[in-house]
Amino acid sequence: MHSSPYFCTSQSINPSQMFQRLFYFALFVCAASGAVRAQTAPAASPAMLAGKIIDKATKEPLPFTSLSLKEEQTGALSNEFGVFQLPGPLKNEKDSLIVMALGYEHLAIAVERGKPIANMVLEVSRRAIALKEVTVKGGKVKNLELGANSNHPGDGLLQGQPGGQYAFFVKNDKSRRLGNIRSVSFYIGENGFPREPFRVRLYKPDGNYNSPNSDILTDNVVVSAPKGGQWYTVDLTPYNVLAPEEGFFVAMEWIVSGDKFYTTNFMDNYTPYGQILRPTFEFKDSRTWSYAIGRGWNLVTLANGGSRFNAMMRAEVDAYVK
C-alpha cells in the first residue's frame, strides 16, 4: 500500500499522543492567525493638527497661509478664513510646523508624533519692510513686455494643488533700465475650472541656483479669470512694485476656494484642481520652477526638440529710454 503525499499512513496512536498533537496544532493555528493579524493590521493614523492663523497685531485671520512639517515634507494651506487642518508627523518623534504667510515673519511650532492639537491660534507678525532710496531716472518711459509673446500655447499643461505654484522668470534680456511692474499675464487653459481664484506672486531670483525666493509683491492679490483659452491680465499699478534690473519671477499660486475641491474628467485618469496653465516652447532655456508645500522649488527641465517647456506668462513694465 502506497502512502499519499498529503496523508500519513495508518498507524496506532494512543489517546494521550492524539491529545498532545491536537494541543500543539491548536497552538500553531493561534500563533499563525496572530501573525496574520499583525501583518494586516492598518498603520497608525497620524494625529491631526488644526487651528487658525491670525495677524498678531490686528487679530484678523490670514487667508491662504502655507503650513509645512519640516522633516515630514508635507503641508497644507489655510482657507480664506485662516483655518487649517493637517496630519501630524509620522516619521519622527518630533518635528517643526513652519507657518509662512505672505508679508509676515515665519513662525515655527514644535509638534510631536501621536499628539493631536486642536483649536490652535497661531499669531504671526507682519514683516518690516525697509524703505529703499528712490533714484530718479531720466528719460522717457515706455511700456516693455517681457516673457512669452506667443498667442498659441504648446501641447501640455501645468496643474497645481492648493499651495502649489509655477513661477516663470521674465528676463530683462536687453538690460533695459526698468521701472515699476504694470501688469502680469497668464495664459489659462480652457479645461479644468478656469474661473477658480488664484494668487499672484512676484519673486526675486535670489534663491539657490537663482530660484524664486524673496517676495517683491507683499500684498494679497487674489484674482479670477472670466474664462479660459486666452490670456488673462492682472493690473499691478496700484502696488508700486519696482522691477529688479535682472528680471523677476511671475508666479501663479493655487489656493483653496472655500471648502470645495473641484475635479473634472476631461482626460482619462486625471482629476485637476482649479485652473490649468498652458506651456510655451519659445525659449531655449528652462525658466520655469514648480513649488510644493514642504518640498520647495524645483526647476522644470522638460524639453521638446531644442526648446524648453515653460509656463506661458509675461509681464509689462516701465522702461526708461533716452
# chains A, B, ... in the order shown; residues from 1 in each chain; ligands from 1
call {"tool": "residues_around", "arguments": {"residues": "Pro162 in chain A", "least_positions_apart": "5", "cutoff": "7 Å", "atoms": "only C-alpha atoms", "output": "PyMOL selection string"}}
result
chain A and resi 77+254-256
call {"tool": "write_last_selection", "arguments": {"atoms": "N, CA and C atoms", "output": "short mmCIF file (atom, residue, chain, number, x, y, z; two decimals), in the first residue's frame"}}
result
data_model
loop_
_atom_site.label_atom_id
_atom_site.label_comp_id
_atom_site.auth_asym_id
_atom_site.auth_seq_id
_atom_site.Cartn_x
_atom_site.Cartn_y
_atom_site.Cartn_z
N LEU A 77 -2.60 74.31 3.21
CA LEU A 77 -2.85 75.73 3.02
C LEU A 77 -4.11 76.09 3.78
N TRP A 254 -1.98 78.27 -6.59
CA TRP A 254 -3.31 77.68 -6.45
C TRP A 254 -3.74 77.81 -4.99
N ILE A 255 -4.96 78.26 -4.76
CA ILE A 255 -5.44 78.46 -3.40
C ILE A 255 -6.69 77.64 -3.16
N VAL A 256 -7.16 77.65 -1.91
CA VAL A 256 -8.35 76.89 -1.53
C VAL A 256 -9.56 77.79 -1.68
#
call {"tool": "atom_distance", "arguments": {"atom1": "CA of Ser125 in chain A", "atom2": "CA of Pro244 in chain A"}}
result
26.1 Å
call {"tool": "residues_around", "arguments": {"residues": "Gln165 in chain A", "least_positions_apart": "3", "cutoff": "7 Å", "atoms": "only C-alpha atoms", "output": "PyMOL selection string"}}
result
chain A and resi 160+251-254+290-292
call {"tool": "closest_residue", "arguments": {"among": "A:Ala108, A:Ile216, A:Ala311, A:Ile98", "to": "Phe248 in chain A", "atoms": "only C-alpha atoms"}}
result
A:Ile216
call {"tool": "residues_around", "arguments": {"residues": "Glu93 in chain A", "least_positions_apart": "6", "cutoff": "10 Å", "atoms": "only C-alpha atoms", "output": "number ranges by chain"}}
result
A: 111-115
call {"tool": "write_last_selection", "arguments": {"atoms": "N, CA and C atoms", "output": "PDB file, in the first residue's frame"}}
result
ATOM      1  N   VAL A 111       5.993  70.234  17.345  1.00  0.00           N
ATOM      2  CA  VAL A 111       4.902  69.253  17.420  1.00  0.00           C
ATOM      3  C   VAL A 111       5.513  67.866  17.610  1.00  0.00           C
ATOM      4  N   GLU A 112       4.699  66.932  18.135  1.00  0.00           N
ATOM      5  CA  GLU A 112       5.180  65.586  18.415  1.00  0.00           C
ATOM      6  C   GLU A 112       4.271  64.549  17.773  1.00  0.00           C
ATOM      7  N   ARG A 113       4.875  63.432  17.435  1.00  0.00           N
ATOM      8  CA  ARG A 113       4.132  62.334  16.832  1.00  0.00           C
ATOM      9  C   ARG A 113       3.113  61.761  17.824  1.00  0.00           C
ATOM     10  N   GLY A 114       1.914  61.526  17.334  1.00  0.00           N
ATOM     11  CA  GLY A 114       0.877  60.917  18.153  1.00  0.00           C
ATOM     12  C   GLY A 114       0.159  61.856  19.091  1.00  0.00           C
ATOM     13  N   LYS A 115       0.496  63.145  19.045  1.00  0.00           N
ATOM     14  CA  LYS A 115      -0.141  64.109  19.949  1.00  0.00           C
ATOM     15  C   LYS A 115      -0.946  65.123  19.138  1.00  0.00           C
TER      16      LYS A 115
END
call {"tool": "closest_residue", "arguments": {"among": "A:Gly294, A:Gly247, A:Gly156, A:Pro116", "to": "Pro212 in chain A", "atoms": "only C-alpha atoms"}}
result
A:Gly247
call {"tool": "atom_distance", "arguments": {"atom1": "CA of Tyr104 in chain A", "atom2": "CA of Leu62 in chain A"}}
result
9.9 Å
call {"tool": "atom_distance", "arguments": {"atom1": "CA of Glu245 in chain A", "atom2": "CA of Asp206 in chain A"}}
result
12.6 Å
call {"tool": "residues_around", "arguments": {"residues": "range 46-49 of chain A", "least_positions_apart": "5", "cutoff": "12 Å", "atoms": "only C-alpha atoms", "output": "MDAnalysis selection string"}}
result
chainID A and resid 67:69 72 75:76 83:93 96:97 109:122
call {"tool": "closest_residue", "arguments": {"among": "A:Ile276, A:Leu299, A:Ala315, A:Val99", "to": "Arg195 in chain A", "atoms": "only C-alpha atoms"}}
result
A:Ile276
call {"tool": "select_by_dssp", "arguments": {"residues": "range 141-316 of chain A", "states": "strand (DSSP E or B)", "output": "PDB file with N, CA and C atoms, in the first residue's frame"}}
result
ATOM      1  N   VAL A 141       9.527 107.269 -20.532  1.00  0.00           N
ATOM      2  CA  VAL A 141       9.064 105.971 -20.051  1.00  0.00           C
ATOM      3  C   VAL A 141       8.180 105.333 -21.132  1.00  0.00           C
ATOM      4  N   LYS A 142       8.428 104.068 -21.417  1.00  0.00           N
ATOM      5  CA  LYS A 142       7.576 103.350 -22.358  1.00  0.00           C
ATOM      6  C   LYS A 142       7.244 101.979 -21.800  1.00  0.00           C
ATOM      7  N   ASN A 143       6.239 101.370 -22.372  1.00  0.00           N
ATOM      8  CA  ASN A 143       5.861 100.011 -21.967  1.00  0.00           C
ATOM      9  C   ASN A 143       6.850  99.014 -22.549  1.00  0.00           C
ATOM     10  N   LEU A 144       7.239  98.059 -21.731  1.00  0.00           N
ATOM     11  CA  LEU A 144       8.115  96.994 -22.188  1.00  0.00           C
ATOM     12  C   LEU A 144       7.509  95.659 -21.792  1.00  0.00           C
ATOM     13  N   GLU A 145       7.301  94.775 -22.754  1.00  0.00           N
ATOM     14  CA  GLU A 145       6.774  93.441 -22.462  1.00  0.00           C
ATOM     15  C   GLU A 145       7.919  92.451 -22.344  1.00  0.00           C
ATOM     16  N   LEU A 146       7.914  91.677 -21.279  1.00  0.00           N
ATOM     17  CA  LEU A 146       8.923  90.650 -21.028  1.00  0.00           C
ATOM     18  C   LEU A 146       8.225  89.312 -20.857  1.00  0.00           C
ATOM     19  N   GLY A 147       8.848  88.247 -21.355  1.00  0.00           N
ATOM     20  CA  GLY A 147       8.274  86.920 -21.183  1.00  0.00           C
ATOM     21  C   GLY A 147       7.711  86.361 -22.466  1.00  0.00           C
ATOM     22  N   LEU A 158       0.087  72.688 -17.182  1.00  0.00           N
ATOM     23  CA  LEU A 158       0.717  72.810 -15.872  1.00  0.00           C
ATOM     24  C   LEU A 158      -0.400  72.920 -14.857  1.00  0.00           C
ATOM     25  N   GLN A 159      -0.427  71.984 -13.918  1.00  0.00           N
ATOM     26  CA  GLN A 159      -1.530  71.877 -12.965  1.00  0.00           C
ATOM     27  C   GLN A 159      -0.988  71.857 -11.544  1.00  0.00           C
ATOM     28  N   GLN A 165       2.713  76.158  -6.702  1.00  0.00           N
ATOM     29  CA  GLN A 165       2.965  77.311  -7.568  1.00  0.00           C
ATOM     30  C   GLN A 165       3.772  76.905  -8.796  1.00  0.00           C
ATOM     31  N   TYR A 166       3.595  77.675  -9.870  1.00  0.00           N
ATOM     32  CA  TYR A 166       4.513  77.663 -11.003  1.00  0.00           C
ATOM     33  C   TYR A 166       4.997  79.090 -11.190  1.00  0.00           C
ATOM     34  N   ALA A 167       6.309  79.263 -11.308  1.00  0.00           N
ATOM     35  CA  ALA A 167       6.909  80.582 -11.456  1.00  0.00           C
ATOM     36  C   ALA A 167       7.731  80.613 -12.739  1.00  0.00           C
ATOM     37  N   PHE A 168       7.568  81.681 -13.518  1.00  0.00           N
ATOM     38  CA  PHE A 168       8.294  81.857 -14.779  1.00  0.00           C
ATOM     39  C   PHE A 168       9.167  83.097 -14.674  1.00  0.00           C
ATOM     40  N   PHE A 169      10.435  82.972 -15.076  1.00  0.00           N
ATOM     41  CA  PHE A 169      11.371  84.080 -14.982  1.00  0.00           C
ATOM     42  C   PHE A 169      11.257  84.965 -16.216  1.00  0.00           C
ATOM     43  N   VAL A 170      10.786  86.197 -16.007  1.00  0.00           N
ATOM     44  CA  VAL A 170      10.732  87.171 -17.102  1.00  0.00           C
ATOM     45  C   VAL A 170      12.059  87.918 -17.086  1.00  0.00           C
ATOM     46  N   LYS A 171      12.851  87.616 -18.069  1.00  0.00           N
ATOM     47  CA  LYS A 171      14.244  88.052 -18.110  1.00  0.00           C
ATOM     48  C   LYS A 171      14.378  89.393 -18.833  1.00  0.00           C
ATOM     49  N   ARG A 177      16.738  99.732 -18.571  1.00  0.00           N
ATOM     50  CA  ARG A 177      16.525 100.325 -17.245  1.00  0.00           C
ATOM     51  C   ARG A 177      15.042 100.195 -16.918  1.00  0.00           C
ATOM     52  N   LEU A 178      14.729  99.418 -15.895  1.00  0.00           N
ATOM     53  CA  LEU A 178      13.348  99.084 -15.590  1.00  0.00           C
ATOM     54  C   LEU A 178      12.790  99.963 -14.477  1.00  0.00           C
ATOM     55  N   GLY A 179      11.489 100.183 -14.550  1.00  0.00           N
ATOM     56  CA  GLY A 179      10.777 100.903 -13.500  1.00  0.00           C
ATOM     57  C   GLY A 179       9.794  99.975 -12.813  1.00  0.00           C
ATOM     58  N   ASN A 180       8.563 100.423 -12.608  1.00  0.00           N
ATOM     59  CA  ASN A 180       7.551  99.626 -11.915  1.00  0.00           C
ATOM     60  C   ASN A 180       6.933  98.571 -12.826  1.00  0.00           C
ATOM     61  N   ILE A 181       6.452  97.519 -12.184  1.00  0.00           N
ATOM     62  CA  ILE A 181       5.742  96.461 -12.908  1.00  0.00           C
ATOM     63  C   ILE A 181       4.293  96.902 -13.078  1.00  0.00           C
ATOM     64  N   ARG A 182       3.852  96.994 -14.320  1.00  0.00           N
ATOM     65  CA  ARG A 182       2.491  97.465 -14.596  1.00  0.00           C
ATOM     66  C   ARG A 182       1.460  96.349 -14.520  1.00  0.00           C
ATOM     67  N   SER A 183       1.787  95.208 -15.103  1.00  0.00           N
ATOM     68  CA  SER A 183       0.823  94.107 -15.130  1.00  0.00           C
ATOM     69  C   SER A 183       1.544  92.796 -15.353  1.00  0.00           C
ATOM     70  N   VAL A 184       0.858  91.716 -15.047  1.00  0.00           N
ATOM     71  CA  VAL A 184       1.334  90.371 -15.373  1.00  0.00           C
ATOM     72  C   VAL A 184       0.183  89.626 -16.040  1.00  0.00           C
ATOM     73  N   SER A 185       0.539  88.678 -16.905  1.00  0.00           N
ATOM     74  CA  SER A 185      -0.474  87.940 -17.658  1.00  0.00           C
ATOM     75  C   SER A 185      -0.184  86.448 -17.621  1.00  0.00           C
ATOM     76  N   PHE A 186      -1.260  85.670 -17.626  1.00  0.00           N
ATOM     77  CA  PHE A 186      -1.191  84.210 -17.579  1.00  0.00           C
ATOM     78  C   PHE A 186      -2.078  83.656 -18.696  1.00  0.00           C
ATOM     79  N   TYR A 187      -1.553  82.664 -19.434  1.00  0.00           N
ATOM     80  CA  TYR A 187      -2.406  82.005 -20.426  1.00  0.00           C
ATOM     81  C   TYR A 187      -3.057  80.804 -19.741  1.00  0.00           C
ATOM     82  N   ILE A 188      -4.360  80.917 -19.486  1.00  0.00           N
ATOM     83  CA  ILE A 188      -5.101  79.901 -18.746  1.00  0.00           C
ATOM     84  C   ILE A 188      -5.843  79.004 -19.719  1.00  0.00           C
ATOM     85  N   PHE A 198      -7.032  82.477  -7.961  1.00  0.00           N
ATOM     86  CA  PHE A 198      -5.635  82.129  -7.682  1.00  0.00           C
ATOM     87  C   PHE A 198      -4.940  83.381  -7.174  1.00  0.00           C
ATOM     88  N   ARG A 199      -3.748  83.192  -6.607  1.00  0.00           N
ATOM     89  CA  ARG A 199      -2.997  84.322  -6.063  1.00  0.00           C
ATOM     90  C   ARG A 199      -1.791  84.611  -6.946  1.00  0.00           C
ATOM     91  N   VAL A 200      -1.552  85.895  -7.196  1.00  0.00           N
ATOM     92  CA  VAL A 200      -0.397  86.332  -7.972  1.00  0.00           C
ATOM     93  C   VAL A 200       0.788  86.508  -7.023  1.00  0.00           C
ATOM     94  N   ARG A 201       1.926  85.957  -7.401  1.00  0.00           N
ATOM     95  CA  ARG A 201       3.155  86.116  -6.619  1.00  0.00           C
ATOM     96  C   ARG A 201       4.259  86.652  -7.529  1.00  0.00           C
ATOM     97  N   LEU A 202       5.129  87.490  -6.977  1.00  0.00           N
ATOM     98  CA  LEU A 202       6.300  88.012  -7.670  1.00  0.00           C
ATOM     99  C   LEU A 202       7.517  87.797  -6.783  1.00  0.00           C
ATOM    100  N   TYR A 203       8.606  87.303  -7.381  1.00  0.00           N
ATOM    101  CA  TYR A 203       9.804  86.969  -6.603  1.00  0.00           C
ATOM    102  C   TYR A 203      11.066  87.512  -7.259  1.00  0.00           C
ATOM    103  N   ASP A 215       9.878  87.667  -1.822  1.00  0.00           N
ATOM    104  CA  ASP A 215       8.680  88.289  -2.380  1.00  0.00           C
ATOM    105  C   ASP A 215       8.935  89.765  -2.656  1.00  0.00           C
ATOM    106  N   VAL A 221      -2.872  89.495  -3.626  1.00  0.00           N
ATOM    107  CA  VAL A 221      -3.574  89.793  -4.871  1.00  0.00           C
ATOM    108  C   VAL A 221      -4.218  88.495  -5.353  1.00  0.00           C
ATOM    109  N   VAL A 222      -5.494  88.339  -5.029  1.00  0.00           N
ATOM    110  CA  VAL A 222      -6.255  87.143  -5.404  1.00  0.00           C
ATOM    111  C   VAL A 222      -7.228  87.534  -6.505  1.00  0.00           C
ATOM    112  N   VAL A 223      -7.142  86.839  -7.630  1.00  0.00           N
ATOM    113  CA  VAL A 223      -7.917  87.216  -8.809  1.00  0.00           C
ATOM    114  C   VAL A 223      -8.592  85.975  -9.401  1.00  0.00           C
ATOM    115  N   GLN A 230      -7.395  81.742 -23.137  1.00  0.00           N
ATOM    116  CA  GLN A 230      -6.893  83.048 -23.552  1.00  0.00           C
ATOM    117  C   GLN A 230      -5.981  83.618 -22.472  1.00  0.00           C
ATOM    118  N   TRP A 231      -5.325  84.745 -22.808  1.00  0.00           N
ATOM    119  CA  TRP A 231      -4.524  85.459 -21.831  1.00  0.00           C
ATOM    120  C   TRP A 231      -5.420  86.154 -20.816  1.00  0.00           C
ATOM    121  N   TYR A 232      -4.978  86.166 -19.566  1.00  0.00           N
ATOM    122  CA  TYR A 232      -5.673  86.911 -18.520  1.00  0.00           C
ATOM    123  C   TYR A 232      -4.651  87.841 -17.875  1.00  0.00           C
ATOM    124  N   THR A 233      -4.947  89.138 -17.889  1.00  0.00           N
ATOM    125  CA  THR A 233      -4.013  90.158 -17.414  1.00  0.00           C
ATOM    126  C   THR A 233      -4.469  90.735 -16.071  1.00  0.00           C
ATOM    127  N   VAL A 234      -3.502  90.892 -15.158  1.00  0.00           N
ATOM    128  CA  VAL A 234      -3.766  91.436 -13.827  1.00  0.00           C
ATOM    129  C   VAL A 234      -3.041  92.767 -13.694  1.00  0.00           C
ATOM    130  N   ASP A 235      -3.768  93.834 -13.410  1.00  0.00           N
ATOM    131  CA  ASP A 235      -3.202  95.170 -13.237  1.00  0.00           C
ATOM    132  C   ASP A 235      -2.510  95.265 -11.878  1.00  0.00           C
ATOM    133  N   LEU A 242       8.620  97.754  -7.819  1.00  0.00           N
ATOM    134  CA  LEU A 242       9.768  98.054  -8.665  1.00  0.00           C
ATOM    135  C   LEU A 242      10.368  96.758  -9.212  1.00  0.00           C
ATOM    136  N   GLY A 247      15.566  91.092 -13.925  1.00  0.00           N
ATOM    137  CA  GLY A 247      14.328  90.376 -14.206  1.00  0.00           C
ATOM    138  C   GLY A 247      13.735  89.841 -12.911  1.00  0.00           C
ATOM    139  N   PHE A 248      12.624  89.133 -13.026  1.00  0.00           N
ATOM    140  CA  PHE A 248      11.920  88.662 -11.839  1.00  0.00           C
ATOM    141  C   PHE A 248      11.017  87.494 -12.217  1.00  0.00           C
ATOM    142  N   PHE A 249      10.537  86.808 -11.194  1.00  0.00           N
ATOM    143  CA  PHE A 249       9.623  85.687 -11.407  1.00  0.00           C
ATOM    144  C   PHE A 249       8.172  86.135 -11.263  1.00  0.00           C
ATOM    145  N   VAL A 250       7.351  85.723 -12.209  1.00  0.00           N
ATOM    146  CA  VAL A 250       5.901  85.842 -12.114  1.00  0.00           C
ATOM    147  C   VAL A 250       5.372  84.460 -11.761  1.00  0.00           C
ATOM    148  N   ALA A 251       4.509  84.356 -10.760  1.00  0.00           N
ATOM    149  CA  ALA A 251       4.042  83.038 -10.312  1.00  0.00           C
ATOM    150  C   ALA A 251       2.537  83.027 -10.102  1.00  0.00           C
ATOM    151  N   MET A 252       1.957  81.880 -10.372  1.00  0.00           N
ATOM    152  CA  MET A 252       0.564  81.595 -10.035  1.00  0.00           C
ATOM    153  C   MET A 252       0.557  80.618  -8.868  1.00  0.00           C
ATOM    154  N   GLU A 253      -0.231  80.961  -7.833  1.00  0.00           N
ATOM    155  CA  GLU A 253      -0.379  80.069  -6.683  1.00  0.00           C
ATOM    156  C   GLU A 253      -1.823  79.585  -6.598  1.00  0.00           C
ATOM    157  N   TRP A 254      -1.979  78.270  -6.592  1.00  0.00           N
ATOM    158  CA  TRP A 254      -3.311  77.680  -6.445  1.00  0.00           C
ATOM    159  C   TRP A 254      -3.744  77.808  -4.988  1.00  0.00           C
ATOM    160  N   SER A 257     -10.496  77.374  -2.501  1.00  0.00           N
ATOM    161  CA  SER A 257     -11.716  78.151  -2.699  1.00  0.00           C
ATOM    162  C   SER A 257     -12.807  77.578  -1.803  1.00  0.00           C
ATOM    163  N   LYS A 260     -14.329  73.589  -1.074  1.00  0.00           N
ATOM    164  CA  LYS A 260     -14.558  72.742  -2.239  1.00  0.00           C
ATOM    165  C   LYS A 260     -13.258  72.445  -2.971  1.00  0.00           C
ATOM    166  N   MET A 267      -9.727  64.295 -19.139  1.00  0.00           N
ATOM    167  CA  MET A 267      -8.754  63.314 -19.595  1.00  0.00           C
ATOM    168  C   MET A 267      -8.915  62.068 -18.735  1.00  0.00           C
ATOM    169  N   TYR A 270      -7.358  61.557 -14.856  1.00  0.00           N
ATOM    170  CA  TYR A 270      -6.750  62.824 -14.466  1.00  0.00           C
ATOM    171  C   TYR A 270      -7.823  63.710 -13.862  1.00  0.00           C
ATOM    172  N   ILE A 276      -5.907  75.620 -15.108  1.00  0.00           N
ATOM    173  CA  ILE A 276      -4.767  74.953 -15.736  1.00  0.00           C
ATOM    174  C   ILE A 276      -3.986  75.988 -16.530  1.00  0.00           C
ATOM    175  N   LEU A 277      -2.685  76.014 -16.363  1.00  0.00           N
ATOM    176  CA  LEU A 277      -1.817  76.866 -17.161  1.00  0.00           C
ATOM    177  C   LEU A 277      -1.383  76.118 -18.416  1.00  0.00           C
ATOM    178  N   PRO A 279       1.576  75.720 -21.586  1.00  0.00           N
ATOM    179  CA  PRO A 279       3.010  75.938 -21.766  1.00  0.00           C
ATOM    180  C   PRO A 279       3.348  76.645 -23.078  1.00  0.00           C
ATOM    181  N   THR A 280       4.559  77.148 -23.137  1.00  0.00           N
ATOM    182  CA  THR A 280       5.115  77.695 -24.362  1.00  0.00           C
ATOM    183  C   THR A 280       6.482  77.071 -24.608  1.00  0.00           C
ATOM    184  N   THR A 288      11.212  78.032 -15.884  1.00  0.00           N
ATOM    185  CA  THR A 288      10.045  77.752 -15.045  1.00  0.00           C
ATOM    186  C   THR A 288      10.422  76.867 -13.865  1.00  0.00           C
ATOM    187  N   TRP A 289       9.924  77.240 -12.691  1.00  0.00           N
ATOM    188  CA  TRP A 289      10.126  76.474 -11.467  1.00  0.00           C
ATOM    189  C   TRP A 289       8.774  76.089 -10.893  1.00  0.00           C
ATOM    190  N   SER A 290       8.709  74.916 -10.275  1.00  0.00           N
ATOM    191  CA  SER A 290       7.483  74.474  -9.607  1.00  0.00           C
ATOM    192  C   SER A 290       7.720  74.423  -8.101  1.00  0.00           C
ATOM    193  N   TYR A 291       6.651  74.674  -7.349  1.00  0.00           N
ATOM    194  CA  TYR A 291       6.751  74.691  -5.890  1.00  0.00           C
ATOM    195  C   TYR A 291       5.667  73.818  -5.281  1.00  0.00           C
ATOM    196  N   ALA A 292       6.040  73.023  -4.280  1.00  0.00           N
ATOM    197  CA  ALA A 292       5.084  72.237  -3.497  1.00  0.00           C
ATOM    198  C   ALA A 292       5.362  72.487  -2.027  1.00  0.00           C
ATOM    199  N   GLY A 296       9.530  72.628  -1.463  1.00  0.00           N
ATOM    200  CA  GLY A 296      10.265  73.762  -2.010  1.00  0.00           C
ATOM    201  C   GLY A 296      10.215  73.854  -3.522  1.00  0.00           C
ATOM    202  N   TRP A 297      11.183  74.590  -4.083  1.00  0.00           N
ATOM    203  CA  TRP A 297      11.226  74.890  -5.514  1.00  0.00           C
ATOM    204  C   TRP A 297      12.075  73.875  -6.275  1.00  0.00           C
ATOM    205  N   ASN A 298      11.597  73.527  -7.486  1.00  0.00           N
ATOM    206  CA  ASN A 298      12.341  72.635  -8.380  1.00  0.00           C
ATOM    207  C   ASN A 298      12.245  73.161  -9.804  1.00  0.00           C
ATOM    208  N   LEU A 299      13.371  73.143 -10.509  1.00  0.00           N
ATOM    209  CA  LEU A 299      13.416  73.616 -11.882  1.00  0.00           C
ATOM    210  C   LEU A 299      12.742  72.608 -12.807  1.00  0.00           C
ATOM    211  N   ALA A 303      11.680  69.209 -22.230  1.00  0.00           N
ATOM    212  CA  ALA A 303      12.056  69.829 -23.500  1.00  0.00           C
ATOM    213  C   ALA A 303      11.296  69.181 -24.653  1.00  0.00           C
ATOM    214  N   ASN A 304      11.185  69.930 -25.738  1.00  0.00           N
ATOM    215  CA  ASN A 304      10.582  69.439 -26.974  1.00  0.00           C
ATOM    216  C   ASN A 304      11.506  69.852 -28.105  1.00  0.00           C
ATOM    217  N   SER A 307      13.744  73.167 -27.755  1.00  0.00           N
ATOM    218  CA  SER A 307      13.094  74.190 -26.948  1.00  0.00           C
ATOM    219  C   SER A 307      12.625  73.618 -25.623  1.00  0.00           C
ATOM    220  N   ARG A 308      12.580  74.470 -24.615  1.00  0.00           N
ATOM    221  CA  ARG A 308      12.210  74.047 -23.268  1.00  0.00           C
ATOM    222  C   ARG A 308      10.739  74.323 -22.970  1.00  0.00           C
ATOM    223  N   ASN A 310       8.057  75.757 -20.825  1.00  0.00           N
ATOM    224  CA  ASN A 310       7.951  76.847 -19.854  1.00  0.00           C
ATOM    225  C   ASN A 310       6.503  77.275 -19.678  1.00  0.00           C
ATOM    226  N   ALA A 311       6.195  77.809 -18.515  1.00  0.00           N
ATOM    227  CA  ALA A 311       4.856  78.329 -18.258  1.00  0.00           C
ATOM    228  C   ALA A 311       4.623  79.565 -19.123  1.00  0.00           C
ATOM    229  N   MET A 313       3.639  82.832 -19.351  1.00  0.00           N
ATOM    230  CA  MET A 313       3.407  84.027 -18.545  1.00  0.00           C
ATOM    231  C   MET A 313       4.216  85.174 -19.129  1.00  0.00           C
ATOM    232  N   ARG A 314       3.784  86.391 -18.819  1.00  0.00           N
ATOM    233  CA  ARG A 314       4.537  87.569 -19.252  1.00  0.00           C
ATOM    234  C   ARG A 314       4.232  88.733 -18.322  1.00  0.00           C
ATOM    235  N   ALA A 315       5.012  89.804 -18.467  1.00  0.00           N
ATOM    236  CA  ALA A 315       4.831  90.999 -17.646  1.00  0.00           C
ATOM    237  C   ALA A 315       5.019  92.236 -18.501  1.00  0.00           C
ATOM    238  N   GLU A 316       4.367  93.303 -18.082  1.00  0.00           N
ATOM    239  CA  GLU A 316       4.541  94.603 -18.712  1.00  0.00           C
ATOM    240  C   GLU A 316       5.129  95.541 -17.663  1.00  0.00           C
TER     241      GLU A 316
END
call {"tool": "select_by_dssp", "arguments": {"residues": "range 91-253 of chain A", "states": "helix (DSSP H, G or I)", "output": "ChimeraX atom specification"}}
result
/A:208-210,237-239
call {"tool": "write_last_selection", "arguments": {"atoms": "C-alpha atoms", "output": "PDB file, in the first residue's frame"}}
result
ATOM      1  CA  ASN A 208      19.552  78.627  -4.536  1.00  0.00           C
ATOM      2  CA  TYR A 209      20.561  78.305  -8.213  1.00  0.00           C
ATOM      3  CA  ASN A 210      18.703  81.584  -8.912  1.00  0.00           C
ATOM      4  CA  THR A 237      -0.079  99.522 -10.902  1.00  0.00           C
ATOM      5  CA  PRO A 238      -1.787 100.125  -7.505  1.00  0.00           C
ATOM      6  CA  TYR A 239       1.008  98.229  -5.713  1.00  0.00           C
TER       7      TYR A 239
END
call {"tool": "closest_residue", "arguments": {"among": "A:Phe281, A:Arg176, A:Gly228, A:Gly154", "to": "Glu246 in chain A", "atoms": "only C-alpha atoms"}}
result
A:Arg176
